[in-house]
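Undergrad: My structure is below; once you've seen it, I'll send some questions.
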Amino acid sequence: MNLKTESRWLILIALIAFVVFANSLSGDFVYDDNRQILRNPLIQDSTLYGKALTSDVWAFKGDGTVSASNYYRPTFIAWLILNFKFFGTSPFGWHLLNLLLHVGVSCLAFLLLRRWNVANYTAFAISMIFAVHPVHTESVAWISGSPDLLFSVFLLGAFWFVQSDAATRRRGDAGKKNYVSIDLIFALIFYAFALGAKEVGILCFPLFYLIFANNRTQPNSENRRVAASEGFLCVVPFIALAVLYFAARWLALGAISFPPDDGGVELYQTILTIPSMFVFYLRQMIFPVWLGANHPLRPVSGINLLEFVLPLLISLAAIALFRLLSKKSFVQKFGFALFMLTLAPAMNASAFPTEQIVHDRYLYLPLFGFLLMIIPYFDELLGKIAKNKKDLAVILSAIIISLPLAFQTFSYNQVWKNDLALWSHTVTIDKNSAFNWAQYGAVLSENGKISESVEAYHNSIDIRPSANAYYGKARNLLAQNKFEEAVFDIKTVIEMPNEKLNAYTLYQTYELMALALSGQQKYDEAQKYLFEARKRLPIYYAALTEKLAVVMYQSGEKTSALRELETARNPAKTELLPESKTVLLRLGMLYTEFGRKQEAREVLTEYLKLTSQLKDKNTLQDRIGALNLLKQLN
């Protein structure tokens with residue numbers, strides 16, 4: 001490769017990728033960022049890093065002993081820890097690194113293609129279209145979308161080193177067939193990080209076999225069995241890594257997987273829905289017009305023409321075409337395998353809530369595989385038409401395709417700038433989603449639009465009653481001093497069976513009940529519900545005790561409040577919710593009131609030490625109060 005020429009192409013790709021997504025840099029923390037980053041002590045407190053790296057992604061919602069999701073992603077968690085260390089609660093740095101990751105993936109894509117002897121102009125066309133495609137917005141403009149970026153960086157990096165190792169083996173530079181090279185070691189390290197970024201990496205080891213097979217030591221040998229055996233032996237370490245990650249994931253989660261909160265999709269529906277999902281993803285790659293955080297695709301319940309037969313025929317025709325294209329060259333064969341393997345997990349509708357079975361971000365790396373199949377075919381076609389000006393024709397065609405894609409991406413980035421923009425857009429994309437309306441209701445409430453929020457929650461409940469919607473609606477009703485209506489909605493949630501509830505939502509609902517009853521001065525009833533909550537939700541013992549102590553204090557039972565807080569002092573140190581630590585602050589306040597100044601100093605100092613690295617808004621405000629009180633005591 002001509003390094004000077006390559007660097008020019010790389011700079012151009014990097015600039016294009018950066019410019020198209022540059023307006024995402026002014027975005028805020030949105031959607032899951034608000035909990036996964038801003039209220040996550042596991043990534044904020046250095047004493048909890050070990051637990052963070054050995055637990056599921058959402059473990060912070062409990063006490064760290066119960067898995068709260070199906071996602072074990074230590075690479076992603078390490079990325080969050082590093083980002084928080086450098087940027088804290090300022091979103092610009094987070095967005096910048098997300099964008100740089102995408103720039104890196106786009107450049108790696110070009111370099112890998114050149115390593116496989118794809119012509120400069122063809123490699124540029126593929127990389128440019130990939131760099132500007134709007135389905136990437138969710139992964140790039142959304143901070144919590146970084147697992148796709150991390151996975152792609154490390155997987156493409158692993159491909160690069162495997163190609164180097166395979167080429168060395170083909171040349172026989174090592175002097176023997178079986179050896180461990182530096183390239184192989186780096187490939188394994190990169191693959192390990194890819195596995196830790198996203199679970200789909202488990203399915204990707206066959207891709208390494210394709211690279212080794214393409215560079216096999218006996219390309220002209222009639223003994224294909226020997227060549228295949230050599231390729232398999234080279235892939236064994238990658239298979240071993242995938243198995244080790246699977247075992248580590250199982251240990252971290254305590255199970256292979258958990259069903260979604262709404263019960264998920266039945267097996268027969270999952271099978272019937274696969275064609276519709278596949279067609280949806282084809283449409284998003286070819287005509288990315290309808291983009292959103294969620295889409296109006298639902299599980300298919302029966303065999304009919306529009307929802308099953310027609311999508312099945314389109315899917316089979318597309319796969320047949322892709323299979324045919326894959327026979328033309330190694331790059332197209334590799335693209336077919338990459339597309340199918342990385343998209344396959346997204347076809348399992350049973351793993352997702354019924355209203356969220358498809359997402360644009362699941363196309364981040366599959367799109368690269370798709371382009372590897374399609375663009376070389378058009379390259380060949382243009383060669384027959386343009387002949388001597390084939391390279392110019394390919395580049396011009398790629399620019400013509402990329403311009404509307406880039407415009408769509410630049411426009412759609414704005415949607416992910418803040419929660420209000422995101423969910424006001426998403427409810428227009430899928431008006432029949434209870435989840436979308438509930439999210440929109442929560443954002444409207446945060447922006448002080450209480451009446452509009454209640455209406456949004458009504459829309460959500462009318463579509464499909466859920467604990468989140470009833471809880472959110474009740475919060476707004478309390479803000480309007482409609483206590484009886486609020487209590488009715490709260491009881492609706494509390495009376496739901498545990499298996500239909502998210503533990504954290506139930507915790508929040510009991511907290512809201514205490515507020516509603518206290519607002520009516522029904523302190524005994526509020527205490528009854530909080531005692532019930534502690535029995536039902538032992539993982540939130542300290543956090544609920546803090547609420548209980550406040551109610552007792554309000555009713556004049558200060559001694560009882562102190563006693564309860566003292567029983568929760570040790571759990572407060574281990575529970576992960578930031579509000580659990582507030583037990584110590586309340587203790588300090590009561591000790592002060594009772595004239596027990598030395599004990600007050602000790603517990604307030606302990607509170608400040610335990611919360612020194614937490615950055616959520618409530619904790620920061622409470623720390624100011626604790627510091628002021630400590631100054632008075634000193």
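If you're wondering about the labels, chains in the structure tokens are A, B, ... by order shown, residues count from 1 in each chain, ligands from 1 in order shown.
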Mind checking which residues fall within 7 Å of A:Pro288, counting only C-alpha atoms, ignoring those fewer than 3 positions away in the same chain, and posting them as a list in words?

TA: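 Near neighbours after the sequence-gap exclusion: Pro134, Val135, Arg283, Gln284, Met285 and Leu291 of chain A.
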
Undergrad: Near stretch 434-447 of chain A, counting only C-alpha atoms, which residues have an atom at most 6 Å away, once you skip same-chain residues fewer than 5 positions from it, shown as an MDAnalysis selection string?

TA: chainID A and resid 420 423 427 453 456:457 460 463:464 469

Undergrad: From a DSSP calculation on the backbone, collect every residue of stretch 22-259 of chain A in helix (DSSP H, G or I) and output the set as an NGL selection string.

TA: :A and (22-26 or 33-36 or 41-44 or 46-53 or 59-61 or 74-87 or 91-115 or 120-132 or 134-141 or 143-171 or 182-197 or 199-214 or 224-253)

Undergrad: List the spatial neighbours of stretch 510-521 of chain A as an NGL selection string - criterion: any atom at most 10 Å away, only C-alpha atoms, same-chain residues fewer than 3 positions off excluded.

TA: :A and (471-472 or 474-475 or 477-479 or 481-484 or 486-491 or 493-494 or 505-507 or 524-534 or 543-544 or 547-548 or 550-552 or 554-555)

Undergrad: Quick one: everything within 12 Å of A:Ala248, counting only C-alpha atoms, minus sequence neighbours fewer than 4 positions away in the same chain. Send it as a PDB file with C-alpha atoms, in the first residue's frame.

TA:
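The result, stored in part.pdb:
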```pdb
ATOM      1  CA  LEU A  53     -16.935  -4.918  36.146  1.00  0.00           C
ATOM      2  CA  THR A  54     -18.325  -8.214  37.458  1.00  0.00           C
ATOM      3  CA  SER A  55     -22.029  -7.315  37.429  1.00  0.00           C
ATOM      4  CA  ASP A  56     -24.619  -6.701  34.750  1.00  0.00           C
ATOM      5  CA  TYR A  71     -26.255  -7.318  29.602  1.00  0.00           C
ATOM      6  CA  TYR A  72     -22.827  -8.247  30.937  1.00  0.00           C
ATOM      7  CA  ARG A  73     -20.492  -5.783  29.221  1.00  0.00           C
ATOM      8  CA  PRO A  74     -17.284  -5.124  31.177  1.00  0.00           C
ATOM      9  CA  ALA A 192     -11.748 -10.239  24.203  1.00  0.00           C
ATOM     10  CA  LEU A 195     -16.841  -9.686  23.590  1.00  0.00           C
ATOM     11  CA  GLY A 196     -16.880  -7.456  26.653  1.00  0.00           C
ATOM     12  CA  GLU A 199     -22.711 -10.219  23.519  1.00  0.00           C
ATOM     13  CA  LEU A 241     -12.383 -16.953  24.360  1.00  0.00           C
ATOM     14  CA  ALA A 242     -16.047 -16.940  23.315  1.00  0.00           C
ATOM     15  CA  VAL A 243     -16.736 -19.886  25.628  1.00  0.00           C
ATOM     16  CA  LEU A 244     -14.902 -18.189  28.512  1.00  0.00           C
ATOM     17  CA  ALA A 252     -22.248 -12.555  36.512  1.00  0.00           C
ATOM     18  CA  LEU A 253     -25.956 -12.777  35.654  1.00  0.00           C
ATOM     19  CA  GLY A 254     -26.731 -15.987  37.502  1.00  0.00           C
ATOM     20  CA  ALA A 255     -28.625 -17.250  34.435  1.00  0.00           C
ATOM     21  CA  ILE A 256     -28.338 -17.419  30.662  1.00  0.00           C
TER      22      ILE A 256
END
```

Undergrad: Within 10 Å of stretch 31-42 of chain A, counting only C-alpha atoms, which residues qualify if same-chain residues fewer than 2 places away don't, as an MDAnalysis selection string?

TA: chainID A and resid 28:29 44:53 55 57:61 64 77 80:81 83:84 88:89 91 142:145 293 416 418:420 422:423 439 443 575:578 611 613:619

Undergrad: Find the distance between atom CA of A:Ser24 and atom CA of A:Thr75 and write it in Å to one decimal.

TA: 23.3 Å

Undergrad: Hey, what's within 10 Å of A:Ile239 if we count only C-alpha atoms and toss same-chain stuff fewer than 2 positions away? As a ChimeraX atom specification, please?

TA: /A:202-206,208,232,234-237,241-245

Undergrad: Enter the distance from atom CA of A:Thr582 to atom CA of A:Glu606, in Å, rounded to one decimal.

TA: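 We find that atom CA of A:Thr582 and atom CA of A:Glu606 lie 11.0 Å from each other.
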
Undergrad: Dump as a Markdown table the rows for residues of stretch 356-409 of chain A within 12 Å of stretch 318-341 of chain A: closest atom pair and distance in Å with one decimal, only C-alpha atoms counted, ordered by chain and rising residue number.

TA:
```
| residue | atom | partner | partner_atom | distance |
| --- | --- | --- | --- | --- |
| A:Tyr362 | CA | A:Phe339 | CA | 10.9 |
| A:Leu363 | CA | A:Phe339 | CA | 8.9 |
| A:Tyr364 | CA | A:Phe339 | CA | 10.1 |
| A:Leu365 | CA | A:Phe339 | CA | 7.5 |
| A:Pro366 | CA | A:Phe339 | CA | 4.3 |
| A:Leu367 | CA | A:Phe339 | CA | 6.9 |
| A:Phe368 | CA | A:Gly335 | CA | 7.3 |
| A:Gly369 | CA | A:Gly335 | CA | 3.9 |
| A:Phe370 | CA | A:Phe339 | CA | 5.9 |
| A:Leu371 | CA | A:Gly335 | CA | 7.4 |
| A:Leu372 | CA | A:Gly335 | CA | 4.8 |
| A:Met373 | CA | A:Gln332 | CA | 4.4 |
| A:Ile374 | CA | A:Leu325 | CA | 7.7 |
| A:Ile375 | CA | A:Gln332 | CA | 9.1 |
| A:Pro376 | CA | A:Gln332 | CA | 7.5 |
| A:Tyr377 | CA | A:Leu325 | CA | 7.4 |
| A:Phe378 | CA | A:Leu325 | CA | 10.9 |
| A:Glu380 | CA | A:Lys328 | CA | 10.4 |
```

Undergrad: Once you have the residues from the selection above, write them out as a PDB file, in the first residue's frame, restricted to N, CA, C and O atoms.

TA:
```
ATOM      1  N   TYR A 362     -28.974  -1.627  16.074  1.00  0.00           N
ATOM      2  CA  TYR A 362     -28.568  -3.011  15.824  1.00  0.00           C
ATOM      3  C   TYR A 362     -27.988  -3.197  14.427  1.00  0.00           C
ATOM      4  O   TYR A 362     -27.460  -4.251  14.104  1.00  0.00           O
ATOM      5  N   LEU A 363     -28.065  -2.145  13.606  1.00  0.00           N
ATOM      6  CA  LEU A 363     -27.529  -2.224  12.244  1.00  0.00           C
ATOM      7  C   LEU A 363     -26.123  -1.645  12.129  1.00  0.00           C
ATOM      8  O   LEU A 363     -25.566  -1.601  11.027  1.00  0.00           O
ATOM      9  N   TYR A 364     -25.534  -1.224  13.241  1.00  0.00           N
ATOM     10  CA  TYR A 364     -24.261  -0.506  13.127  1.00  0.00           C
ATOM     11  C   TYR A 364     -23.228  -1.317  12.350  1.00  0.00           C
ATOM     12  O   TYR A 364     -22.739  -0.875  11.306  1.00  0.00           O
ATOM     13  N   LEU A 365     -22.875  -2.502  12.809  1.00  0.00           N
ATOM     14  CA  LEU A 365     -21.878  -3.306  12.090  1.00  0.00           C
ATOM     15  C   LEU A 365     -22.487  -4.142  10.955  1.00  0.00           C
ATOM     16  O   LEU A 365     -21.840  -4.320   9.922  1.00  0.00           O
ATOM     17  N   PRO A 366     -23.727  -4.653  11.100  1.00  0.00           N
ATOM     18  CA  PRO A 366     -24.327  -5.358   9.956  1.00  0.00           C
ATOM     19  C   PRO A 366     -24.351  -4.520   8.676  1.00  0.00           C
ATOM     20  O   PRO A 366     -24.218  -5.063   7.580  1.00  0.00           O
ATOM     21  N   LEU A 367     -24.494  -3.197   8.819  1.00  0.00           N
ATOM     22  CA  LEU A 367     -24.486  -2.335   7.631  1.00  0.00           C
ATOM     23  C   LEU A 367     -23.164  -2.454   6.884  1.00  0.00           C
ATOM     24  O   LEU A 367     -23.147  -2.473   5.644  1.00  0.00           O
ATOM     25  N   PHE A 368     -22.068  -2.561   7.607  1.00  0.00           N
ATOM     26  CA  PHE A 368     -20.763  -2.715   6.954  1.00  0.00           C
ATOM     27  C   PHE A 368     -20.732  -4.011   6.146  1.00  0.00           C
ATOM     28  O   PHE A 368     -20.269  -4.027   5.004  1.00  0.00           O
ATOM     29  N   GLY A 369     -21.249  -5.089   6.725  1.00  0.00           N
ATOM     30  CA  GLY A 369     -21.320  -6.357   5.997  1.00  0.00           C
ATOM     31  C   GLY A 369     -22.172  -6.231   4.747  1.00  0.00           C
ATOM     32  O   GLY A 369     -21.822  -6.752   3.678  1.00  0.00           O
ATOM     33  N   PHE A 370     -23.303  -5.532   4.877  1.00  0.00           N
ATOM     34  CA  PHE A 370     -24.196  -5.311   3.736  1.00  0.00           C
ATOM     35  C   PHE A 370     -23.474  -4.570   2.615  1.00  0.00           C
ATOM     36  O   PHE A 370     -23.561  -4.944   1.437  1.00  0.00           O
ATOM     37  N   LEU A 371     -22.751  -3.521   2.968  1.00  0.00           N
ATOM     38  CA  LEU A 371     -22.027  -2.738   1.962  1.00  0.00           C
ATOM     39  C   LEU A 371     -20.910  -3.548   1.320  1.00  0.00           C
ATOM     40  O   LEU A 371     -20.617  -3.373   0.126  1.00  0.00           O
ATOM     41  N   LEU A 372     -20.284  -4.435   2.091  1.00  0.00           N
ATOM     42  CA  LEU A 372     -19.237  -5.295   1.520  1.00  0.00           C
ATOM     43  C   LEU A 372     -19.799  -6.213   0.444  1.00  0.00           C
ATOM     44  O   LEU A 372     -19.090  -6.603  -0.487  1.00  0.00           O
ATOM     45  N   MET A 373     -21.061  -6.586   0.568  1.00  0.00           N
ATOM     46  CA  MET A 373     -21.698  -7.434  -0.458  1.00  0.00           C
ATOM     47  C   MET A 373     -22.119  -6.620  -1.673  1.00  0.00           C
ATOM     48  O   MET A 373     -21.893  -7.032  -2.814  1.00  0.00           O
ATOM     49  N   ILE A 374     -22.721  -5.465  -1.436  1.00  0.00           N
ATOM     50  CA  ILE A 374     -23.407  -4.727  -2.499  1.00  0.00           C
ATOM     51  C   ILE A 374     -22.476  -3.842  -3.327  1.00  0.00           C
ATOM     52  O   ILE A 374     -22.520  -3.871  -4.573  1.00  0.00           O
ATOM     53  N   ILE A 375     -21.628  -3.062  -2.674  1.00  0.00           N
ATOM     54  CA  ILE A 375     -20.816  -2.074  -3.395  1.00  0.00           C
ATOM     55  C   ILE A 375     -19.867  -2.733  -4.410  1.00  0.00           C
ATOM     56  O   ILE A 375     -19.751  -2.243  -5.547  1.00  0.00           O
ATOM     57  N   PRO A 376     -19.167  -3.845  -4.072  1.00  0.00           N
ATOM     58  CA  PRO A 376     -18.306  -4.476  -5.096  1.00  0.00           C
ATOM     59  C   PRO A 376     -19.076  -4.932  -6.335  1.00  0.00           C
ATOM     60  O   PRO A 376     -18.535  -4.926  -7.447  1.00  0.00           O
ATOM     61  N   TYR A 377     -20.360  -5.308  -6.142  1.00  0.00           N
ATOM     62  CA  TYR A 377     -21.169  -5.713  -7.299  1.00  0.00           C
ATOM     63  C   TYR A 377     -21.396  -4.517  -8.221  1.00  0.00           C
ATOM     64  O   TYR A 377     -21.247  -4.616  -9.451  1.00  0.00           O
ATOM     65  N   PHE A 378     -21.757  -3.359  -7.651  1.00  0.00           N
ATOM     66  CA  PHE A 378     -21.969  -2.162  -8.468  1.00  0.00           C
ATOM     67  C   PHE A 378     -20.646  -1.654  -9.043  1.00  0.00           C
ATOM     68  O   PHE A 378     -20.618  -1.065 -10.128  1.00  0.00           O
ATOM     69  N   GLU A 380     -18.299  -3.614 -10.069  1.00  0.00           N
ATOM     70  CA  GLU A 380     -18.126  -4.459 -11.255  1.00  0.00           C
ATOM     71  C   GLU A 380     -19.046  -4.011 -12.385  1.00  0.00           C
ATOM     72  O   GLU A 380     -18.643  -3.962 -13.564  1.00  0.00           O
TER      73      GLU A 380
END
```

Undergrad: Give me, please, the distance in Å between atom CA of A:Leu610 and atom CA of A:Lys597, quoted to one decimal.

TA: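 Going from atom CA of A:Leu610 over to atom CA of A:Lys597 covers 19.8 Å.
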